[in-house]
Amino acid sequence: MERKEMKYIDGSLRNKKLFLLDIDGTVSLDAEWIEGAPEVLNLIEENGGKYIFITNNSTKGIGDYVDKYRGMGLPVDRSNFLTASYVTACFLKEKHVGELIYVLGTKSFVKELREFGLHVAEEVTEENIGRITVAVVGFDNELTYGKVTDICRLLSAGEVKYYATNMDLACPVTFGFVPDCGAICRMIACAVGREPEYIGKPNKMMVTMAAEKYGYAFEDILVIGDRLYTDIACGINAGVDTLVVFTGEAKREDLETTEFVPSYYCETIGELYEILRENGI
Ligand SMILES: [Mg+2]
């Protein structure tokens, strides 16, 4: 198979206006900036562009992300973030408003969905099982066997649309990893043989929602991330240009074998600063 062309970042990036960035391993590691990240983000804004962090990590609400990054010295507001749980809420509002939706998720996720005007059931009962038309799974660190049993009962009963926020299997914590949304869905699949449609990266929905919400054409968008099979795949699925950095999961040698070939690569986000400063945006 002929491999798609990719290149080291250069001046052909000058026409990008909307920068969609992964967070962990791309602009920061824990509470530390990766070198050059604040400079490039400020430069984008100073030149009339926009940047939005797109993250599958839904353990924090958007308000918490705003507080964290302001605390790290970046003048962000809510418009600088799209999380998988927020995009899921927007998607459900567009497609399933008025329907009864069973949600396997945290109290905070349920609250977020209700604030969007969605009709949420937190239990599956004899009384409501015939009326629930949609099942949604989020990363749930309040998971109980009762919730798992409820969703298995629902998915076994018949035609129910089935979605989940993100396909990540493990979520990094201070001592290592805990099961993330994708692992919860695998457990359910072991029992009932059904997999959900995942809304977070690599689904193109995060890119299309950002483009629509803020009015950018796809050729003006660059997706930047450190994971080929989520970040870069997300950009490829949406049909926009992509840039991989090697400060997180992907290593340079992965480019030789991956099926998710980025448009551009560079070592760190800081190198993008030099390119944009020299060529403008
Ligand atoms: Mg990452």
# chains A, B, ... in the order shown; residues from 1 in each chain; ligands from 1
$ residues_around --residues "region 135-147 of chain A" --least-positions-apart "5" --cutoff "6 Å" --atoms "only C-alpha atoms" --output "count of residues only"
12
$ select_by_dssp --residues "region 147-226 of chain A" --states "helix (DSSP H, G or I)" --output "PDB file with all heavy atoms, in the first residue's frame"
ATOM      1  N   LYS A 147     -25.738  -1.045  38.501  1.00  0.00           N
ATOM      2  CA  LYS A 147     -25.781  -0.293  37.238  1.00  0.00           C
ATOM      3  C   LYS A 147     -25.422  -1.194  36.066  1.00  0.00           C
ATOM      4  O   LYS A 147     -26.027  -1.113  34.993  1.00  0.00           O
ATOM      5  CB  LYS A 147     -24.788   0.877  37.284  1.00  0.00           C
ATOM      6  CG  LYS A 147     -25.117   1.982  38.265  1.00  0.00           C
ATOM      7  CD  LYS A 147     -24.097   3.108  38.073  1.00  0.00           C
ATOM      8  CE  LYS A 147     -24.161   4.153  39.155  1.00  0.00           C
ATOM      9  NZ  LYS A 147     -23.155   5.213  38.962  1.00  0.00           N
ATOM     10  N   VAL A 148     -24.416  -2.058  36.271  1.00  0.00           N
ATOM     11  CA  VAL A 148     -23.989  -2.971  35.195  1.00  0.00           C
ATOM     12  C   VAL A 148     -25.134  -3.927  34.850  1.00  0.00           C
ATOM     13  O   VAL A 148     -25.423  -4.178  33.673  1.00  0.00           O
ATOM     14  CB  VAL A 148     -22.725  -3.762  35.629  1.00  0.00           C
ATOM     15  CG1 VAL A 148     -22.334  -4.774  34.562  1.00  0.00           C
ATOM     16  CG2 VAL A 148     -21.569  -2.809  35.903  1.00  0.00           C
ATOM     17  N   THR A 149     -25.799  -4.423  35.871  1.00  0.00           N
ATOM     18  CA  THR A 149     -26.923  -5.330  35.654  1.00  0.00           C
ATOM     19  C   THR A 149     -28.048  -4.611  34.901  1.00  0.00           C
ATOM     20  O   THR A 149     -28.644  -5.165  33.970  1.00  0.00           O
ATOM     21  CB  THR A 149     -27.456  -5.855  37.005  1.00  0.00           C
ATOM     22  OG1 THR A 149     -26.355  -6.403  37.730  1.00  0.00           O
ATOM     23  CG2 THR A 149     -28.521  -6.921  36.809  1.00  0.00           C
ATOM     24  N   ASP A 150     -28.310  -3.367  35.287  1.00  0.00           N
ATOM     25  CA  ASP A 150     -29.370  -2.588  34.635  1.00  0.00           C
ATOM     26  C   ASP A 150     -29.117  -2.436  33.138  1.00  0.00           C
ATOM     27  O   ASP A 150     -30.015  -2.637  32.318  1.00  0.00           O
ATOM     28  CB  ASP A 150     -29.470  -1.191  35.269  1.00  0.00           C
ATOM     29  CG  ASP A 150     -30.372  -1.189  36.493  1.00  0.00           C
ATOM     30  OD1 ASP A 150     -30.940  -2.248  36.810  1.00  0.00           O
ATOM     31  OD2 ASP A 150     -30.488  -0.125  37.135  1.00  0.00           O
ATOM     32  N   ILE A 151     -27.883  -2.064  32.770  1.00  0.00           N
ATOM     33  CA  ILE A 151     -27.635  -1.829  31.338  1.00  0.00           C
ATOM     34  C   ILE A 151     -27.655  -3.144  30.567  1.00  0.00           C
ATOM     35  O   ILE A 151     -28.120  -3.193  29.428  1.00  0.00           O
ATOM     36  CB  ILE A 151     -26.344  -0.998  31.087  1.00  0.00           C
ATOM     37  CG1 ILE A 151     -26.375  -0.458  29.654  1.00  0.00           C
ATOM     38  CG2 ILE A 151     -25.082  -1.797  31.337  1.00  0.00           C
ATOM     39  CD1 ILE A 151     -25.435   0.673  29.387  1.00  0.00           C
ATOM     40  N   CYS A 152     -27.201  -4.230  31.190  1.00  0.00           N
ATOM     41  CA  CYS A 152     -27.250  -5.539  30.513  1.00  0.00           C
ATOM     42  C   CYS A 152     -28.712  -5.941  30.274  1.00  0.00           C
ATOM     43  O   CYS A 152     -29.055  -6.447  29.200  1.00  0.00           O
ATOM     44  CB  CYS A 152     -26.543  -6.601  31.349  1.00  0.00           C
ATOM     45  SG  CYS A 152     -24.747  -6.412  31.330  1.00  0.00           S
ATOM     46  N   ARG A 153     -29.537  -5.687  31.258  1.00  0.00           N
ATOM     47  CA  ARG A 153     -30.962  -6.005  31.126  1.00  0.00           C
ATOM     48  C   ARG A 153     -31.577  -5.203  29.975  1.00  0.00           C
ATOM     49  O   ARG A 153     -32.309  -5.736  29.130  1.00  0.00           O
ATOM     50  CB  ARG A 153     -31.647  -5.652  32.447  1.00  0.00           C
ATOM     51  CG  ARG A 153     -33.110  -5.960  32.477  1.00  0.00           C
ATOM     52  CD  ARG A 153     -33.659  -5.623  33.854  1.00  0.00           C
ATOM     53  NE  ARG A 153     -35.088  -5.830  33.917  1.00  0.00           N
ATOM     54  CZ  ARG A 153     -35.853  -5.447  34.926  1.00  0.00           C
ATOM     55  NH1 ARG A 153     -35.302  -4.840  35.969  1.00  0.00           N
ATOM     56  NH2 ARG A 153     -37.141  -5.669  34.907  1.00  0.00           N
ATOM     57  N   LEU A 154     -31.242  -3.924  29.932  1.00  0.00           N
ATOM     58  CA  LEU A 154     -31.777  -3.038  28.894  1.00  0.00           C
ATOM     59  C   LEU A 154     -31.307  -3.451  27.497  1.00  0.00           C
ATOM     60  O   LEU A 154     -32.102  -3.543  26.560  1.00  0.00           O
ATOM     61  CB  LEU A 154     -31.317  -1.612  29.205  1.00  0.00           C
ATOM     62  CG  LEU A 154     -31.783  -0.500  28.286  1.00  0.00           C
ATOM     63  CD1 LEU A 154     -33.301  -0.374  28.344  1.00  0.00           C
ATOM     64  CD2 LEU A 154     -31.138   0.813  28.699  1.00  0.00           C
ATOM     65  N   LEU A 155     -30.005  -3.698  27.358  1.00  0.00           N
ATOM     66  CA  LEU A 155     -29.452  -4.032  26.039  1.00  0.00           C
ATOM     67  C   LEU A 155     -29.921  -5.413  25.575  1.00  0.00           C
ATOM     68  O   LEU A 155     -29.963  -5.693  24.386  1.00  0.00           O
ATOM     69  CB  LEU A 155     -27.915  -3.970  26.065  1.00  0.00           C
ATOM     70  CG  LEU A 155     -27.328  -2.575  26.284  1.00  0.00           C
ATOM     71  CD1 LEU A 155     -25.808  -2.652  26.437  1.00  0.00           C
ATOM     72  CD2 LEU A 155     -27.689  -1.625  25.148  1.00  0.00           C
ATOM     73  N   SER A 156     -30.271  -6.276  26.531  1.00  0.00           N
ATOM     74  CA  SER A 156     -30.768  -7.611  26.179  1.00  0.00           C
ATOM     75  C   SER A 156     -32.235  -7.565  25.751  1.00  0.00           C
ATOM     76  O   SER A 156     -32.715  -8.462  25.060  1.00  0.00           O
ATOM     77  CB  SER A 156     -30.644  -8.561  27.376  1.00  0.00           C
ATOM     78  OG  SER A 156     -29.311  -8.627  27.786  1.00  0.00           O
ATOM     79  N   ALA A 157     -32.928  -6.500  26.180  1.00  0.00           N
ATOM     80  CA  ALA A 157     -34.382  -6.451  25.974  1.00  0.00           C
ATOM     81  C   ALA A 157     -34.771  -6.135  24.541  1.00  0.00           C
ATOM     82  O   ALA A 157     -35.862  -6.477  24.109  1.00  0.00           O
ATOM     83  CB  ALA A 157     -35.008  -5.435  26.921  1.00  0.00           C
ATOM     84  N   CYS A 181     -13.741   4.292  30.528  1.00  0.00           N
ATOM     85  CA  CYS A 181     -15.043   4.004  29.901  1.00  0.00           C
ATOM     86  C   CYS A 181     -14.992   2.792  28.959  1.00  0.00           C
ATOM     87  O   CYS A 181     -15.895   1.950  28.961  1.00  0.00           O
ATOM     88  CB  CYS A 181     -15.492   5.255  29.146  1.00  0.00           C
ATOM     89  SG  CYS A 181     -17.066   5.080  28.324  1.00  0.00           S
ATOM     90  N   GLY A 182     -13.932   2.699  28.152  1.00  0.00           N
ATOM     91  CA  GLY A 182     -13.828   1.593  27.193  1.00  0.00           C
ATOM     92  C   GLY A 182     -13.778   0.238  27.879  1.00  0.00           C
ATOM     93  O   GLY A 182     -14.305  -0.762  27.359  1.00  0.00           O
ATOM     94  N   ALA A 183     -13.154   0.189  29.058  1.00  0.00           N
ATOM     95  CA  ALA A 183     -13.066  -1.074  29.800  1.00  0.00           C
ATOM     96  C   ALA A 183     -14.423  -1.450  30.383  1.00  0.00           C
ATOM     97  O   ALA A 183     -14.796  -2.634  30.411  1.00  0.00           O
ATOM     98  CB  ALA A 183     -12.024  -0.954  30.913  1.00  0.00           C
ATOM     99  N   ILE A 184     -15.177  -0.461  30.845  1.00  0.00           N
ATOM    100  CA  ILE A 184     -16.531  -0.725  31.345  1.00  0.00           C
ATOM    101  C   ILE A 184     -17.389  -1.288  30.205  1.00  0.00           C
ATOM    102  O   ILE A 184     -18.128  -2.260  30.383  1.00  0.00           O
ATOM    103  CB  ILE A 184     -17.162   0.570  31.935  1.00  0.00           C
ATOM    104  CG1 ILE A 184     -16.368   1.037  33.155  1.00  0.00           C
ATOM    105  CG2 ILE A 184     -18.629   0.346  32.293  1.00  0.00           C
ATOM    106  CD1 ILE A 184     -16.788   2.398  33.693  1.00  0.00           C
ATOM    107  N   CYS A 185     -17.237  -0.706  29.017  1.00  0.00           N
ATOM    108  CA  CYS A 185     -18.013  -1.184  27.854  1.00  0.00           C
ATOM    109  C   CYS A 185     -17.598  -2.590  27.444  1.00  0.00           C
ATOM    110  O   CYS A 185     -18.431  -3.377  26.990  1.00  0.00           O
ATOM    111  CB  CYS A 185     -17.860  -0.221  26.684  1.00  0.00           C
ATOM    112  SG  CYS A 185     -18.616   1.379  27.025  1.00  0.00           S
ATOM    113  N   ARG A 186     -16.321  -2.918  27.587  1.00  0.00           N
ATOM    114  CA  ARG A 186     -15.873  -4.287  27.268  1.00  0.00           C
ATOM    115  C   ARG A 186     -16.502  -5.295  28.210  1.00  0.00           C
ATOM    116  O   ARG A 186     -16.871  -6.396  27.807  1.00  0.00           O
ATOM    117  CB  ARG A 186     -14.354  -4.383  27.380  1.00  0.00           C
ATOM    118  CG  ARG A 186     -13.686  -3.856  26.165  1.00  0.00           C
ATOM    119  CD  ARG A 186     -12.469  -4.693  25.813  1.00  0.00           C
ATOM    120  NE  ARG A 186     -11.817  -4.043  24.711  1.00  0.00           N
ATOM    121  CZ  ARG A 186     -10.536  -4.177  24.424  1.00  0.00           C
ATOM    122  NH1 ARG A 186      -9.766  -4.955  25.173  1.00  0.00           N
ATOM    123  NH2 ARG A 186     -10.021  -3.560  23.399  1.00  0.00           N
ATOM    124  N   MET A 187     -16.581  -4.924  29.490  1.00  0.00           N
ATOM    125  CA  MET A 187     -17.204  -5.819  30.468  1.00  0.00           C
ATOM    126  C   MET A 187     -18.657  -6.091  30.075  1.00  0.00           C
ATOM    127  O   MET A 187     -19.115  -7.239  30.094  1.00  0.00           O
ATOM    128  CB  MET A 187     -17.129  -5.156  31.859  1.00  0.00           C
ATOM    129  CG  MET A 187     -17.875  -5.891  32.942  1.00  0.00           C
ATOM    130  SD  MET A 187     -17.488  -5.246  34.582  1.00  0.00           S
ATOM    131  CE  MET A 187     -18.067  -3.580  34.465  1.00  0.00           C
ATOM    132  N   ILE A 188     -19.361  -5.032  29.674  1.00  0.00           N
ATOM    133  CA  ILE A 188     -20.761  -5.184  29.255  1.00  0.00           C
ATOM    134  C   ILE A 188     -20.832  -6.049  27.985  1.00  0.00           C
ATOM    135  O   ILE A 188     -21.691  -6.927  27.871  1.00  0.00           O
ATOM    136  CB  ILE A 188     -21.401  -3.788  29.033  1.00  0.00           C
ATOM    137  CG1 ILE A 188     -21.443  -3.021  30.357  1.00  0.00           C
ATOM    138  CG2 ILE A 188     -22.788  -3.907  28.413  1.00  0.00           C
ATOM    139  CD1 ILE A 188     -21.650  -1.522  30.202  1.00  0.00           C
ATOM    140  N   ALA A 189     -19.888  -5.814  27.059  1.00  0.00           N
ATOM    141  CA  ALA A 189     -19.873  -6.579  25.797  1.00  0.00           C
ATOM    142  C   ALA A 189     -19.652  -8.064  26.061  1.00  0.00           C
ATOM    143  O   ALA A 189     -20.209  -8.916  25.356  1.00  0.00           O
ATOM    144  CB  ALA A 189     -18.792  -6.034  24.872  1.00  0.00           C
ATOM    145  N   CYS A 190     -18.851  -8.379  27.074  1.00  0.00           N
ATOM    146  CA  CYS A 190     -18.615  -9.782  27.426  1.00  0.00           C
ATOM    147  C   CYS A 190     -19.938 -10.474  27.782  1.00  0.00           C
ATOM    148  O   CYS A 190     -20.112 -11.663  27.533  1.00  0.00           O
ATOM    149  CB  CYS A 190     -17.674  -9.898  28.624  1.00  0.00           C
ATOM    150  SG  CYS A 190     -15.982  -9.563  28.211  1.00  0.00           S
ATOM    151  N   ALA A 191     -20.859  -9.714  28.359  1.00  0.00           N
ATOM    152  CA  ALA A 191     -22.128 -10.296  28.802  1.00  0.00           C
ATOM    153  C   ALA A 191     -23.192 -10.281  27.716  1.00  0.00           C
ATOM    154  O   ALA A 191     -23.920 -11.258  27.540  1.00  0.00           O
ATOM    155  CB  ALA A 191     -22.634  -9.546  30.042  1.00  0.00           C
ATOM    156  N   VAL A 192     -23.295  -9.172  26.983  1.00  0.00           N
ATOM    157  CA  VAL A 192     -24.432  -9.042  26.062  1.00  0.00           C
ATOM    158  C   VAL A 192     -24.039  -8.991  24.589  1.00  0.00           C
ATOM    159  O   VAL A 192     -24.907  -8.951  23.714  1.00  0.00           O
ATOM    160  CB  VAL A 192     -25.319  -7.809  26.407  1.00  0.00           C
ATOM    161  CG1 VAL A 192     -25.850  -7.915  27.830  1.00  0.00           C
ATOM    162  CG2 VAL A 192     -24.559  -6.510  26.205  1.00  0.00           C
ATOM    163  N   MET A 205     -16.666  13.536  15.564  1.00  0.00           N
ATOM    164  CA  MET A 205     -17.665  14.468  16.101  1.00  0.00           C
ATOM    165  C   MET A 205     -17.049  15.649  16.850  1.00  0.00           C
ATOM    166  O   MET A 205     -17.566  16.757  16.806  1.00  0.00           O
ATOM    167  CB  MET A 205     -18.603  13.693  17.031  1.00  0.00           C
ATOM    168  CG  MET A 205     -20.030  14.169  16.959  1.00  0.00           C
ATOM    169  SD  MET A 205     -21.101  13.186  18.001  1.00  0.00           S
ATOM    170  CE  MET A 205     -21.229  11.654  17.125  1.00  0.00           C
ATOM    171  N   MET A 206     -15.926  15.416  17.558  1.00  0.00           N
ATOM    172  CA  MET A 206     -15.323  16.520  18.315  1.00  0.00           C
ATOM    173  C   MET A 206     -14.832  17.617  17.369  1.00  0.00           C
ATOM    174  O   MET A 206     -14.927  18.799  17.669  1.00  0.00           O
ATOM    175  CB  MET A 206     -14.190  16.009  19.200  1.00  0.00           C
ATOM    176  CG  MET A 206     -14.697  15.042  20.259  1.00  0.00           C
ATOM    177  SD  MET A 206     -13.505  14.655  21.545  1.00  0.00           S
ATOM    178  CE  MET A 206     -13.919  15.881  22.773  1.00  0.00           C
ATOM    179  N   VAL A 207     -14.317  17.212  16.201  1.00  0.00           N
ATOM    180  CA  VAL A 207     -13.833  18.201  15.225  1.00  0.00           C
ATOM    181  C   VAL A 207     -15.009  18.896  14.541  1.00  0.00           C
ATOM    182  O   VAL A 207     -15.030  20.131  14.426  1.00  0.00           O
ATOM    183  CB  VAL A 207     -12.938  17.519  14.159  1.00  0.00           C
ATOM    184  CG1 VAL A 207     -12.521  18.530  13.088  1.00  0.00           C
ATOM    185  CG2 VAL A 207     -11.714  16.899  14.806  1.00  0.00           C
ATOM    186  N   THR A 208     -16.012  18.122  14.121  1.00  0.00           N
ATOM    187  CA  THR A 208     -17.125  18.739  13.393  1.00  0.00           C
ATOM    188  C   THR A 208     -17.896  19.689  14.313  1.00  0.00           C
ATOM    189  O   THR A 208     -18.324  20.759  13.885  1.00  0.00           O
ATOM    190  CB  THR A 208     -18.075  17.681  12.796  1.00  0.00           C
ATOM    191  OG1 THR A 208     -18.466  16.777  13.818  1.00  0.00           O
ATOM    192  CG2 THR A 208     -17.388  16.881  11.709  1.00  0.00           C
ATOM    193  N   MET A 209     -18.011  19.325  15.599  1.00  0.00           N
ATOM    194  CA  MET A 209     -18.726  20.209  16.519  1.00  0.00           C
ATOM    195  C   MET A 209     -17.968  21.521  16.732  1.00  0.00           C
ATOM    196  O   MET A 209     -18.559  22.603  16.738  1.00  0.00           O
ATOM    197  CB  MET A 209     -18.951  19.512  17.858  1.00  0.00           C
ATOM    198  CG  MET A 209     -19.827  20.335  18.775  1.00  0.00           C
ATOM    199  SD  MET A 209     -20.398  19.393  20.182  1.00  0.00           S
ATOM    200  CE  MET A 209     -21.464  18.225  19.375  1.00  0.00           C
ATOM    201  N   ALA A 210     -16.640  21.421  16.871  1.00  0.00           N
ATOM    202  CA  ALA A 210     -15.831  22.640  17.041  1.00  0.00           C
ATOM    203  C   ALA A 210     -15.948  23.526  15.805  1.00  0.00           C
ATOM    204  O   ALA A 210     -16.102  24.752  15.905  1.00  0.00           O
ATOM    205  CB  ALA A 210     -14.374  22.265  17.296  1.00  0.00           C
ATOM    206  N   ALA A 211     -15.900  22.924  14.617  1.00  0.00           N
ATOM    207  CA  ALA A 211     -15.972  23.689  13.368  1.00  0.00           C
ATOM    208  C   ALA A 211     -17.315  24.406  13.244  1.00  0.00           C
ATOM    209  O   ALA A 211     -17.380  25.598  12.924  1.00  0.00           O
ATOM    210  CB  ALA A 211     -15.753  22.754  12.178  1.00  0.00           C
ATOM    211  N   GLU A 212     -18.391  23.675  13.555  1.00  0.00           N
ATOM    212  CA  GLU A 212     -19.735  24.257  13.426  1.00  0.00           C
ATOM    213  C   GLU A 212     -19.976  25.338  14.472  1.00  0.00           C
ATOM    214  O   GLU A 212     -20.477  26.410  14.175  1.00  0.00           O
ATOM    215  CB  GLU A 212     -20.797  23.164  13.609  1.00  0.00           C
ATOM    216  CG  GLU A 212     -21.072  22.387  12.333  1.00  0.00           C
ATOM    217  CD  GLU A 212     -21.889  21.133  12.604  1.00  0.00           C
ATOM    218  OE1 GLU A 212     -22.638  21.108  13.605  1.00  0.00           O
ATOM    219  OE2 GLU A 212     -21.747  20.172  11.826  1.00  0.00           O
ATOM    220  N   LYS A 213     -19.592  25.025  15.697  1.00  0.00           N
ATOM    221  CA  LYS A 213     -19.879  25.937  16.806  1.00  0.00           C
ATOM    222  C   LYS A 213     -19.187  27.292  16.620  1.00  0.00           C
ATOM    223  O   LYS A 213     -19.736  28.327  16.954  1.00  0.00           O
ATOM    224  CB  LYS A 213     -19.419  25.272  18.110  1.00  0.00           C
ATOM    225  CG  LYS A 213     -19.936  25.926  19.354  1.00  0.00           C
ATOM    226  CD  LYS A 213     -19.753  25.040  20.580  1.00  0.00           C
ATOM    227  CE  LYS A 213     -20.244  25.825  21.781  1.00  0.00           C
ATOM    228  NZ  LYS A 213     -19.989  25.226  23.033  1.00  0.00           N
ATOM    229  N   TYR A 214     -17.939  27.263  16.093  1.00  0.00           N
ATOM    230  CA  TYR A 214     -17.181  28.505  15.999  1.00  0.00           C
ATOM    231  C   TYR A 214     -17.008  28.983  14.562  1.00  0.00           C
ATOM    232  O   TYR A 214     -16.317  29.980  14.315  1.00  0.00           O
ATOM    233  CB  TYR A 214     -15.832  28.343  16.714  1.00  0.00           C
ATOM    234  CG  TYR A 214     -16.045  28.070  18.188  1.00  0.00           C
ATOM    235  CD1 TYR A 214     -15.932  26.775  18.703  1.00  0.00           C
ATOM    236  CD2 TYR A 214     -16.439  29.092  19.047  1.00  0.00           C
ATOM    237  CE1 TYR A 214     -16.175  26.518  20.045  1.00  0.00           C
ATOM    238  CE2 TYR A 214     -16.682  28.848  20.391  1.00  0.00           C
ATOM    239  CZ  TYR A 214     -16.550  27.563  20.885  1.00  0.00           C
ATOM    240  OH  TYR A 214     -16.808  27.312  22.207  1.00  0.00           O
ATOM    241  N   PHE A 218     -13.128  23.372   7.216  1.00  0.00           N
ATOM    242  CA  PHE A 218     -12.250  22.255   7.555  1.00  0.00           C
ATOM    243  C   PHE A 218     -10.797  22.489   7.132  1.00  0.00           C
ATOM    244  O   PHE A 218      -9.874  22.037   7.783  1.00  0.00           O
ATOM    245  CB  PHE A 218     -12.779  20.941   6.966  1.00  0.00           C
ATOM    246  CG  PHE A 218     -13.892  20.338   7.790  1.00  0.00           C
ATOM    247  CD1 PHE A 218     -14.552  21.075   8.761  1.00  0.00           C
ATOM    248  CD2 PHE A 218     -14.281  19.028   7.597  1.00  0.00           C
ATOM    249  CE1 PHE A 218     -15.571  20.540   9.527  1.00  0.00           C
ATOM    250  CE2 PHE A 218     -15.309  18.466   8.361  1.00  0.00           C
ATOM    251  CZ  PHE A 218     -15.953  19.218   9.326  1.00  0.00           C
ATOM    252  N   GLU A 219     -10.594  23.216   6.011  1.00  0.00           N
ATOM    253  CA  GLU A 219      -9.204  23.447   5.580  1.00  0.00           C
ATOM    254  C   GLU A 219      -8.462  24.413   6.502  1.00  0.00           C
ATOM    255  O   GLU A 219      -7.248  24.517   6.434  1.00  0.00           O
ATOM    256  CB  GLU A 219      -9.146  23.912   4.120  1.00  0.00           C
ATOM    257  CG  GLU A 219      -9.874  25.206   3.836  1.00  0.00           C
ATOM    258  CD  GLU A 219     -11.290  24.960   3.305  1.00  0.00           C
ATOM    259  OE1 GLU A 219     -11.904  23.931   3.686  1.00  0.00           O
ATOM    260  OE2 GLU A 219     -11.773  25.792   2.524  1.00  0.00           O
ATOM    261  N   ASP A 220      -9.201  25.117   7.378  1.00  0.00           N
ATOM    262  CA  ASP A 220      -8.561  26.050   8.322  1.00  0.00           C
ATOM    263  C   ASP A 220      -8.160  25.362   9.625  1.00  0.00           C
ATOM    264  O   ASP A 220      -7.629  26.000  10.536  1.00  0.00           O
ATOM    265  CB  ASP A 220      -9.525  27.186   8.685  1.00  0.00           C
ATOM    266  CG  ASP A 220      -9.878  28.040   7.494  1.00  0.00           C
ATOM    267  OD1 ASP A 220      -9.085  28.068   6.540  1.00  0.00           O
ATOM    268  OD2 ASP A 220     -10.949  28.670   7.517  1.00  0.00           O
TER     269      ASP A 220
END
$ closest_residue --among "A:Glu99, A:Asp168, A:Glu159, A:Glu94" --to "ligand 1" --atoms "only C-alpha atoms and all ligand atoms"
A:Asp168
$ residues_near_ligand --ligand "ligand 1" --cutoff "7 Å" --atoms "only C-alpha atoms and all ligand atoms" --output "list in words"
Asp22, Ile23, Asp24, Gly25, Thr26, Gly225, Asp226, Arg227 and Gly248 of chain A
$ write_last_selection --atoms "N, CA, C and O atoms" --output "tab-separated table (two decimals), in the first residue's frame"
chain	number	residue	atom	x	y	z
A	22	ASP	N	-4.99	18.11	21.77
A	22	ASP	CA	-5.07	17.18	22.89
A	22	ASP	C	-4.37	17.85	24.09
A	22	ASP	O	-3.58	18.78	23.91
A	23	ILE	N	-4.64	17.36	25.28
A	23	ILE	CA	-4.03	17.97	26.48
A	23	ILE	C	-2.83	17.14	26.97
A	23	ILE	O	-1.68	17.54	26.80
A	24	ASP	N	-3.11	15.94	27.53
A	24	ASP	CA	-2.04	15.16	28.19
A	24	ASP	C	-1.02	14.66	27.18
A	24	ASP	O	-1.36	13.95	26.24
A	25	GLY	N	0.23	15.03	27.38
A	25	GLY	CA	1.29	14.57	26.48
A	25	GLY	C	1.48	15.47	25.27
A	25	GLY	O	2.41	15.28	24.49
A	26	THR	N	0.59	16.44	25.10
A	26	THR	CA	0.68	17.35	23.95
A	26	THR	C	1.03	18.77	24.41
A	26	THR	O	2.02	19.35	23.94
A	225	GLY	N	-1.87	16.26	18.41
A	225	GLY	CA	-1.93	15.31	19.52
A	225	GLY	C	-0.72	14.40	19.58
A	225	GLY	O	0.14	14.42	18.70
A	226	ASP	N	-0.67	13.59	20.65
A	226	ASP	CA	0.46	12.68	20.86
A	226	ASP	C	0.09	11.21	20.64
A	226	ASP	O	0.95	10.35	20.75
A	227	ARG	N	-1.20	10.93	20.34
A	227	ARG	CA	-1.61	9.55	20.10
A	227	ARG	C	-2.10	9.40	18.67
A	227	ARG	O	-3.01	10.13	18.25
A	248	GLY	N	4.50	12.61	24.13
A	248	GLY	CA	3.59	11.73	24.88
A	248	GLY	C	3.78	10.30	24.43
A	248	GLY	O	4.87	9.76	24.52
$ residues_around --residues "Lys50 (chain A)" --least-positions-apart "4" --cutoff "12 Å" --atoms "only C-alpha atoms" --output "count of residues only"
27
$ atom_distance --atom1 "CA of Lys68 (chain A)" --atom2 "CA of Ala250 (chain A)"
25.4 Å
$ closest_residue --among "A:Ser108, A:Asn279, A:Thr257, A:Thr268" --to "Ser28 (chain A)" --atoms "only C-alpha atoms"
A:Thr268
$ select_by_dssp --residues "region 39-279 of chain A" --states "strand (DSSP E or B)" --output "PyMOL selection string"
chain A and resi 50-55+81-83+100-104+119-121+132-137+161-164+170-173+176-179+197-198+221-225+241-245+264-266
$ residues_around --residues "Glu256 (chain A)" --least-positions-apart "2" --cutoff "12 Å" --atoms "only C-alpha atoms" --output "ChimeraX atom specification"
/A:3-6,228,250-254,258-262
$ write_last_selection --atoms "N, CA and C atoms" --output "compact mmCIF listing (two decimals), in the first residue's frame"
# COMPACT_ATOMS: atom_id res chain seq x y z
N ARG A 3 2.09 4.76 1.00
CA ARG A 3 1.87 5.51 2.24
C ARG A 3 1.60 6.97 1.93
N LYS A 4 0.69 7.53 2.70
CA LYS A 4 0.36 8.94 2.55
C LYS A 4 1.59 9.76 2.90
N GLU A 5 1.70 10.91 2.27
CA GLU A 5 2.85 11.75 2.52
C GLU A 5 2.72 12.47 3.87
N MET A 6 3.81 12.54 4.61
CA MET A 6 3.80 13.38 5.81
C MET A 6 5.08 14.17 5.83
N LEU A 228 -1.55 8.45 17.96
CA LEU A 228 -1.92 8.27 16.55
C LEU A 228 -3.32 7.72 16.40
N ALA A 250 3.15 8.62 21.22
CA ALA A 250 3.73 8.24 19.91
C ALA A 250 5.23 8.52 19.89
N LYS A 251 5.96 7.60 19.26
CA LYS A 251 7.39 7.80 19.07
C LYS A 251 7.64 7.94 17.57
N ARG A 252 8.76 8.56 17.25
CA ARG A 252 9.05 8.82 15.84
C ARG A 252 9.00 7.55 14.99
N GLU A 253 9.51 6.44 15.55
CA GLU A 253 9.54 5.20 14.75
C GLU A 253 8.14 4.64 14.48
N ASP A 254 7.15 5.05 15.28
CA ASP A 254 5.77 4.59 15.03
C ASP A 254 5.24 5.07 13.68
N THR A 258 2.41 3.02 11.35
CA THR A 258 1.02 3.33 11.71
C THR A 258 0.10 3.41 10.49
N GLU A 259 -1.16 3.04 10.70
CA GLU A 259 -2.16 3.27 9.63
C GLU A 259 -2.72 4.69 9.72
N PHE A 260 -2.43 5.39 10.83
CA PHE A 260 -2.96 6.75 11.02
C PHE A 260 -1.82 7.74 10.74
N VAL A 261 -1.62 8.03 9.47
CA VAL A 261 -0.48 8.84 9.06
C VAL A 261 -0.83 10.32 9.20
N PRO A 262 -0.08 11.06 10.04
CA PRO A 262 -0.39 12.49 10.21
C PRO A 262 0.07 13.29 8.99
